[in-house]
file upload-v7.cif (mmCIF, C-alpha atoms)
data_work
#
loop_
_atom_site.label_atom_id
_atom_site.label_comp_id
_atom_site.auth_asym_id
_atom_site.auth_seq_id
_atom_site.Cartn_x
_atom_site.Cartn_y
_atom_site.Cartn_z
CA MET A 1 2.34 -26.64 -17.89
CA ASN A 2 -1.45 -26.66 -18.00
CA PHE A 3 -3.30 -23.89 -16.23
CA ASP A 4 -6.89 -22.78 -15.73
CA LYS A 5 -6.46 -19.01 -15.55
CA GLU A 6 -3.76 -16.49 -16.43
CA LEU A 7 -2.91 -13.27 -14.62
CA ASP A 8 -0.63 -10.67 -16.19
CA ALA A 9 0.80 -8.47 -13.44
CA SER A 10 3.54 -7.00 -15.66
CA GLY A 11 4.55 -3.46 -14.75
CA LEU A 12 2.91 -3.66 -11.33
CA ASN A 13 4.88 -3.19 -8.16
CA CYS A 14 4.57 -4.36 -4.54
CA PRO A 15 2.02 -5.22 -3.21
CA LEU A 16 -0.16 -5.35 -6.35
CA PRO A 17 1.11 -8.65 -7.86
CA ILE A 18 0.28 -10.46 -4.60
CA LEU A 19 -3.11 -8.75 -4.21
CA ARG A 20 -4.06 -9.58 -7.80
CA THR A 21 -2.89 -13.17 -7.31
CA LYS A 22 -5.06 -13.52 -4.23
CA LYS A 23 -8.05 -12.14 -6.14
CA ALA A 24 -7.47 -14.42 -9.15
CA LEU A 25 -7.13 -17.50 -6.93
CA ALA A 26 -10.48 -16.67 -5.32
CA GLU A 27 -12.12 -17.24 -8.71
CA LEU A 28 -10.66 -20.74 -9.05
CA ALA A 29 -11.77 -24.04 -7.56
CA ALA A 30 -9.53 -26.09 -5.29
CA GLY A 31 -6.84 -27.90 -7.29
CA GLN A 32 -7.00 -25.53 -10.27
CA VAL A 33 -3.83 -23.81 -11.44
CA LEU A 34 -3.17 -20.08 -11.88
CA LYS A 35 -0.41 -18.79 -14.13
CA VAL A 36 1.04 -15.43 -13.07
CA ILE A 37 3.37 -13.21 -15.09
CA ALA A 38 5.18 -10.40 -13.27
CA THR A 39 8.07 -8.01 -13.78
CA ASP A 40 8.61 -7.03 -10.13
CA PRO A 41 11.89 -8.71 -9.03
CA GLY A 42 10.55 -8.78 -5.47
CA SER A 43 7.72 -11.04 -6.57
CA VAL A 44 10.02 -14.10 -6.71
CA LYS A 45 10.47 -14.22 -2.93
CA ASP A 46 7.00 -12.79 -2.30
CA MET A 47 5.21 -15.54 -4.23
CA GLN A 48 7.09 -18.16 -2.18
CA ALA A 49 6.12 -16.35 1.02
CA PHE A 50 2.51 -16.01 -0.12
CA ALA A 51 2.29 -19.72 -0.92
CA LYS A 52 3.87 -20.71 2.38
CA GLN A 53 1.50 -18.57 4.43
CA THR A 54 -1.73 -19.29 2.56
CA GLY A 55 -1.24 -23.00 1.85
CA ASN A 56 -1.57 -22.62 -1.92
CA GLU A 57 1.13 -24.59 -3.72
CA LEU A 58 3.75 -22.82 -5.83
CA LEU A 59 4.33 -25.44 -8.54
CA SER A 60 7.05 -23.52 -10.38
CA SER A 61 8.85 -20.23 -10.54
CA ALA A 62 10.96 -19.21 -13.53
CA GLU A 63 12.48 -16.20 -15.23
CA GLU A 64 12.32 -15.68 -18.96
CA GLY A 65 13.42 -12.54 -20.80
CA GLY A 66 13.11 -10.21 -17.81
CA LYS A 67 9.70 -11.59 -16.87
CA TYR A 68 8.85 -13.90 -14.02
CA GLN A 69 6.43 -16.73 -14.47
CA PHE A 70 4.69 -18.58 -11.67
CA PHE A 71 2.27 -21.48 -11.52
CA MET A 72 0.21 -21.69 -8.38
CA LYS A 73 -2.20 -24.45 -7.45
CA LYS A 74 -5.15 -23.41 -5.35
CA LYS A 75 -5.52 -25.09 -1.96
CA MET B 1 -7.05 -16.32 12.11
CA LYS B 2 -4.04 -14.13 12.87
CA LYS B 3 -4.69 -10.50 13.76
CA PHE B 4 -2.76 -7.40 12.68
CA ALA B 5 -3.40 -4.01 14.27
CA ILE B 6 -2.03 -0.72 12.90
CA ILE B 7 -2.09 2.79 14.34
CA ALA B 8 -1.73 5.30 11.46
CA THR B 9 -0.68 8.75 12.67
CA LYS B 10 0.94 10.45 9.67
CA GLY B 11 -0.88 12.53 7.07
CA THR B 12 1.56 12.85 4.19
CA LEU B 13 1.59 11.13 0.80
CA ASP B 14 4.75 9.12 1.54
CA TRP B 15 3.53 7.96 4.95
CA ALA B 16 0.13 7.03 3.53
CA TYR B 17 1.77 4.02 1.88
CA PRO B 18 3.06 1.83 4.76
CA PRO B 19 -0.30 1.30 6.53
CA TYR B 20 -2.22 0.60 3.32
CA ILE B 21 0.47 -1.64 1.77
CA LEU B 22 0.93 -3.72 4.92
CA ALA B 23 -2.80 -3.91 5.66
CA SER B 24 -3.77 -5.04 2.15
CA THR B 25 -0.92 -7.56 2.01
CA ALA B 26 -1.74 -8.99 5.43
CA ALA B 27 -5.39 -9.33 4.41
CA ALA B 28 -4.30 -11.22 1.28
CA LEU B 29 -2.28 -13.55 3.50
CA GLY B 30 -5.35 -14.28 5.58
CA TYR B 31 -4.92 -11.90 8.50
CA GLU B 32 -7.80 -10.04 10.10
CA VAL B 33 -6.69 -6.39 9.98
CA GLN B 34 -7.74 -3.19 11.69
CA ILE B 35 -6.27 0.29 11.20
CA PHE B 36 -6.84 2.99 13.80
CA PHE B 37 -6.46 6.41 12.15
CA THR B 38 -5.59 9.15 14.58
CA PHE B 39 -4.18 12.68 14.50
CA TYR B 40 -2.75 13.44 11.03
CA GLY B 41 -3.50 9.87 9.99
CA LEU B 42 -7.12 11.01 9.59
CA GLN B 43 -6.04 12.58 6.30
CA LEU B 44 -5.68 9.04 4.89
CA VAL B 45 -9.40 8.32 5.24
CA ARG B 46 -10.81 11.59 3.93
CA LYS B 47 -12.97 11.38 0.80
CA ASP B 48 -10.62 13.84 -0.90
CA THR B 49 -7.00 12.64 -0.84
CA SER B 50 -5.67 15.49 -2.98
CA GLY B 51 -4.43 17.15 0.21
CA LEU B 52 -1.87 14.37 0.76
CA LYS B 53 1.51 15.86 -0.03
CA VAL B 54 5.14 15.01 0.44
CA SER B 55 7.62 17.47 1.91
CA PRO B 56 11.32 17.16 1.16
CA LEU B 57 11.95 19.89 3.77
CA GLY B 58 13.98 18.51 6.67
CA ASN B 59 13.87 15.06 5.08
CA PRO B 60 17.48 14.21 4.15
CA GLY B 61 16.51 10.60 3.34
CA MET B 62 14.34 11.59 0.39
CA PRO B 63 16.03 11.24 -3.02
CA MET B 64 15.19 14.26 -5.19
CA LYS B 65 15.21 12.86 -8.71
CA MET B 66 13.28 13.85 -11.80
CA PRO B 67 10.73 11.34 -13.16
CA PHE B 68 11.28 12.34 -16.79
CA GLY B 69 14.02 13.03 -19.32
CA PRO B 70 17.04 10.97 -20.38
CA LYS B 71 18.67 8.55 -17.93
CA TRP B 72 21.62 10.80 -17.06
CA PHE B 73 19.13 13.51 -16.09
CA ARG B 74 16.94 11.15 -14.05
CA ASP B 75 20.01 9.96 -12.15
CA ILE B 76 20.85 13.41 -10.78
CA ASN B 77 20.01 13.84 -7.11
CA TRP B 78 19.01 17.49 -6.70
CA ASN B 79 20.49 18.37 -3.36
CA ILE B 80 18.56 21.58 -2.67
CA PRO B 81 19.34 23.20 0.72
CA ASN B 82 16.47 23.45 3.22
CA VAL B 83 16.80 27.22 3.38
CA ILE B 84 16.02 27.46 -0.33
CA GLN B 85 13.21 24.85 -0.26
CA ALA B 86 11.53 26.70 2.59
CA ASN B 87 11.49 29.99 0.69
CA ILE B 88 10.11 28.84 -2.66
CA PRO B 89 6.29 29.09 -2.70
CA GLY B 90 4.73 25.88 -3.99
CA PHE B 91 7.83 23.76 -3.41
CA GLU B 92 5.82 21.02 -1.67
CA SER B 93 3.24 20.96 -4.45
CA LEU B 94 6.01 20.61 -7.02
CA ALA B 95 7.71 17.81 -5.04
CA THR B 96 4.32 16.08 -4.68
CA ALA B 97 3.59 16.27 -8.41
CA LEU B 98 7.05 14.82 -9.16
CA MET B 99 6.56 12.02 -6.63
CA LYS B 100 3.15 11.14 -8.07
CA GLN B 101 4.76 10.86 -11.50
CA THR B 102 7.53 8.64 -10.07
CA ILE B 103 4.87 6.46 -8.41
CA ALA B 104 3.03 6.07 -11.74
CA ASN B 105 6.29 5.35 -13.62
CA ASN B 106 7.10 2.52 -11.21
CA GLY B 107 3.74 0.74 -11.34
CA VAL B 108 3.09 1.57 -7.69
CA ALA B 109 -0.60 1.83 -6.76
CA THR B 110 -2.18 5.17 -5.90
CA ILE B 111 -3.46 5.75 -2.36
CA PRO B 112 -7.18 5.69 -3.34
CA GLU B 113 -6.51 2.41 -5.18
CA LEU B 114 -4.73 0.78 -2.21
CA ARG B 115 -7.40 2.06 0.16
CA GLU B 116 -10.12 0.49 -1.96
CA LEU B 117 -8.19 -2.81 -2.09
CA CYS B 118 -8.03 -2.75 1.73
CA GLN B 119 -11.78 -2.19 1.95
CA GLU B 120 -12.49 -4.94 -0.57
CA ALA B 121 -10.37 -7.26 1.58
CA GLU B 122 -12.44 -6.28 4.63
CA VAL B 123 -9.71 -4.40 6.47
CA LYS B 124 -11.58 -2.58 9.23
CA PHE B 125 -11.01 1.18 9.49
CA LEU B 126 -11.38 2.94 12.84
CA ALA B 127 -11.14 6.73 13.16
CA CYS B 128 -10.30 8.53 16.37
CA GLN B 129 -13.38 10.59 17.31
CA MET B 130 -11.35 12.84 19.63
CA THR B 131 -9.03 14.03 16.84
CA VAL B 132 -11.96 14.39 14.41
CA GLU B 133 -13.34 16.99 16.83
CA LEU B 134 -9.94 18.45 17.68
CA PHE B 135 -9.22 19.22 14.03
CA GLY B 136 -12.76 20.43 13.29
CA PHE B 137 -13.62 17.69 10.80
CA GLU B 138 -17.15 16.44 10.08
CA HIS B 139 -18.03 12.76 9.68
CA SER B 140 -19.13 13.63 6.16
CA ASP B 141 -15.49 14.52 5.28
CA PHE B 142 -14.61 10.84 5.51
CA ILE B 143 -15.18 7.77 3.36
CA ASP B 144 -18.00 5.37 4.19
CA GLY B 145 -17.39 2.35 6.37
CA LEU B 146 -15.43 4.10 9.13
CA ASP B 147 -16.16 3.49 12.79
CA PHE B 148 -15.64 6.63 14.88
CA VAL B 149 -14.34 5.39 18.21
CA GLY B 150 -11.96 6.02 21.08
CA ALA B 151 -8.70 4.38 22.10
CA ALA B 152 -10.47 1.76 24.21
CA SER B 153 -12.19 0.31 21.14
CA PHE B 154 -8.85 -0.04 19.39
CA PHE B 155 -7.45 -2.03 22.32
CA GLU B 156 -10.32 -4.49 22.09
CA PHE B 157 -8.74 -5.70 18.85
CA ALA B 158 -5.09 -4.70 19.44
CA GLY B 159 -4.97 -6.54 22.75
CA GLU B 160 -5.61 -9.80 20.96
CA SER B 161 -3.47 -9.05 17.91
CA ASP B 162 -0.44 -11.07 16.83
CA ILE B 163 1.24 -7.99 15.35
CA CYS B 164 0.69 -4.39 16.35
CA MET B 165 2.44 -1.47 14.65
CA TYR B 166 2.56 2.27 15.16
CA MET B 167 3.15 4.28 11.99
#
call {"tool": "encode", "arguments": {"input": "upload-v7.cif", "output": "structure tokens"}}
result
Amino acid sequence: MNFDKELDASGLNCPLPILRTKKALAELAAGQVLKVIATDPGSVKDMQAFAKQTGNELLSSAEEGGKYQFFMKKK
Amino acid sequence: MKKFAIIATKGTLDWAYPPYILASTAAALGYEVQIFFTFYGLQLVRKDTSGLKVSPLGNPGMPMKMPFGPKWFRDINWNIPNVIQANIPGFESLATALMKQTIANNGVATIPELRELCQEAEVKFLACQMTVELFGFEHSDFIDGLDFVGAASFFEFAGESDICMYM
């Protein structure tokens, strides 16, 4: 999937992956896509909740080799 | 914009986390957030946070595990009786050092880091002027950006909040 910016939140725990995601999205324009990599298992549900409450669109959420990968489109 | 009001009353390292984690997360979700620091909660907004400690004494819910060594060693829960904990000088400092190591091992933010993230996200900090005087603190003991107010000022925001929590 194409993306405009990548954020590596590996090794970080709640609430840092969400806070860093929020900060990274602020640097993007509407419609641009942020790729986030995280290792916090809680981030799977949290990214969904973040997207739902902020209106940014979670395009995909996947696990690969113990890491979680998210693509989020800025509102 | 939704509003989230917090009253932070505890001044230990473990209890420093809930207000700052929830406030920073709520701000990231688009909430307007205010924290009213009162009584021991004032410790959370001092310039120097090295006084924040954790006490396992009388806290049966706190796992006592070592943050280093092989896995079998880390898995041991050191069930040390209160009567012994209370009589070892420096026991709280030791427990605090071990907890700080555990926090670092788990990629959990430090309190100064979370506090700064809250301020960056424009979480508003209010400090209770009455307890500042009661405990003999000076305004210069605290970080910049605090409003020193009374309970009535907190209610101005809390009364209109969607969520209000006492911690």
call {"tool": "interface_residues", "arguments": {"input": "upload-v7.cif", "of": "chain B", "to": "chain A", "cutoff": "8 Å", "atoms": "all atoms listed in the file", "output": "VMD selection string"}}
result
chain B and resid 21 24 to 25 28 to 30 106 to 109
call {"tool": "atom_distance", "arguments": {"input": "upload-v7.cif", "atom1": "CA of Asn82 in chain B", "atom2": "CA of Phe135 in chain B"}}
result
28.2 Å
call {"tool": "residues_around", "arguments": {"input": "upload-v7.cif", "residues": "Lys74 in chain A", "least_positions_apart": "5", "cutoff": "6 Å", "atoms": "all atoms listed in the file", "output": "mmCIF file with C-alpha atoms, in the coordinates of the input"}}
result
data_model
loop_
_atom_site.group_PDB
_atom_site.id
_atom_site.type_symbol
_atom_site.label_atom_id
_atom_site.label_comp_id
_atom_site.auth_asym_id
_atom_site.auth_seq_id
_atom_site.Cartn_x
_atom_site.Cartn_y
_atom_site.Cartn_z
ATOM 1 C CA ALA A 30 -9.530 -26.090 -5.290
ATOM 2 C CA GLY A 31 -6.840 -27.900 -7.290
ATOM 3 C CA GLN A 32 -7.000 -25.530 -10.270
ATOM 4 C CA ASN A 56 -1.570 -22.620 -1.920
#
call {"tool": "resolve_selection", "arguments": {"input": "upload-v7.cif", "expression": "the PyMOL selection byres ((chain A and resi 44) around 9)", "output": "ChimeraX atom specification"}}
result
/A:38,40-43,45-49,61-62,68-70
call {"tool": "atom_distance", "arguments": {"input": "upload-v7.cif", "atom1": "CA of Phe137 in chain B", "atom2": "CA of Ser50 in chain B"}}
result
16.1 Å
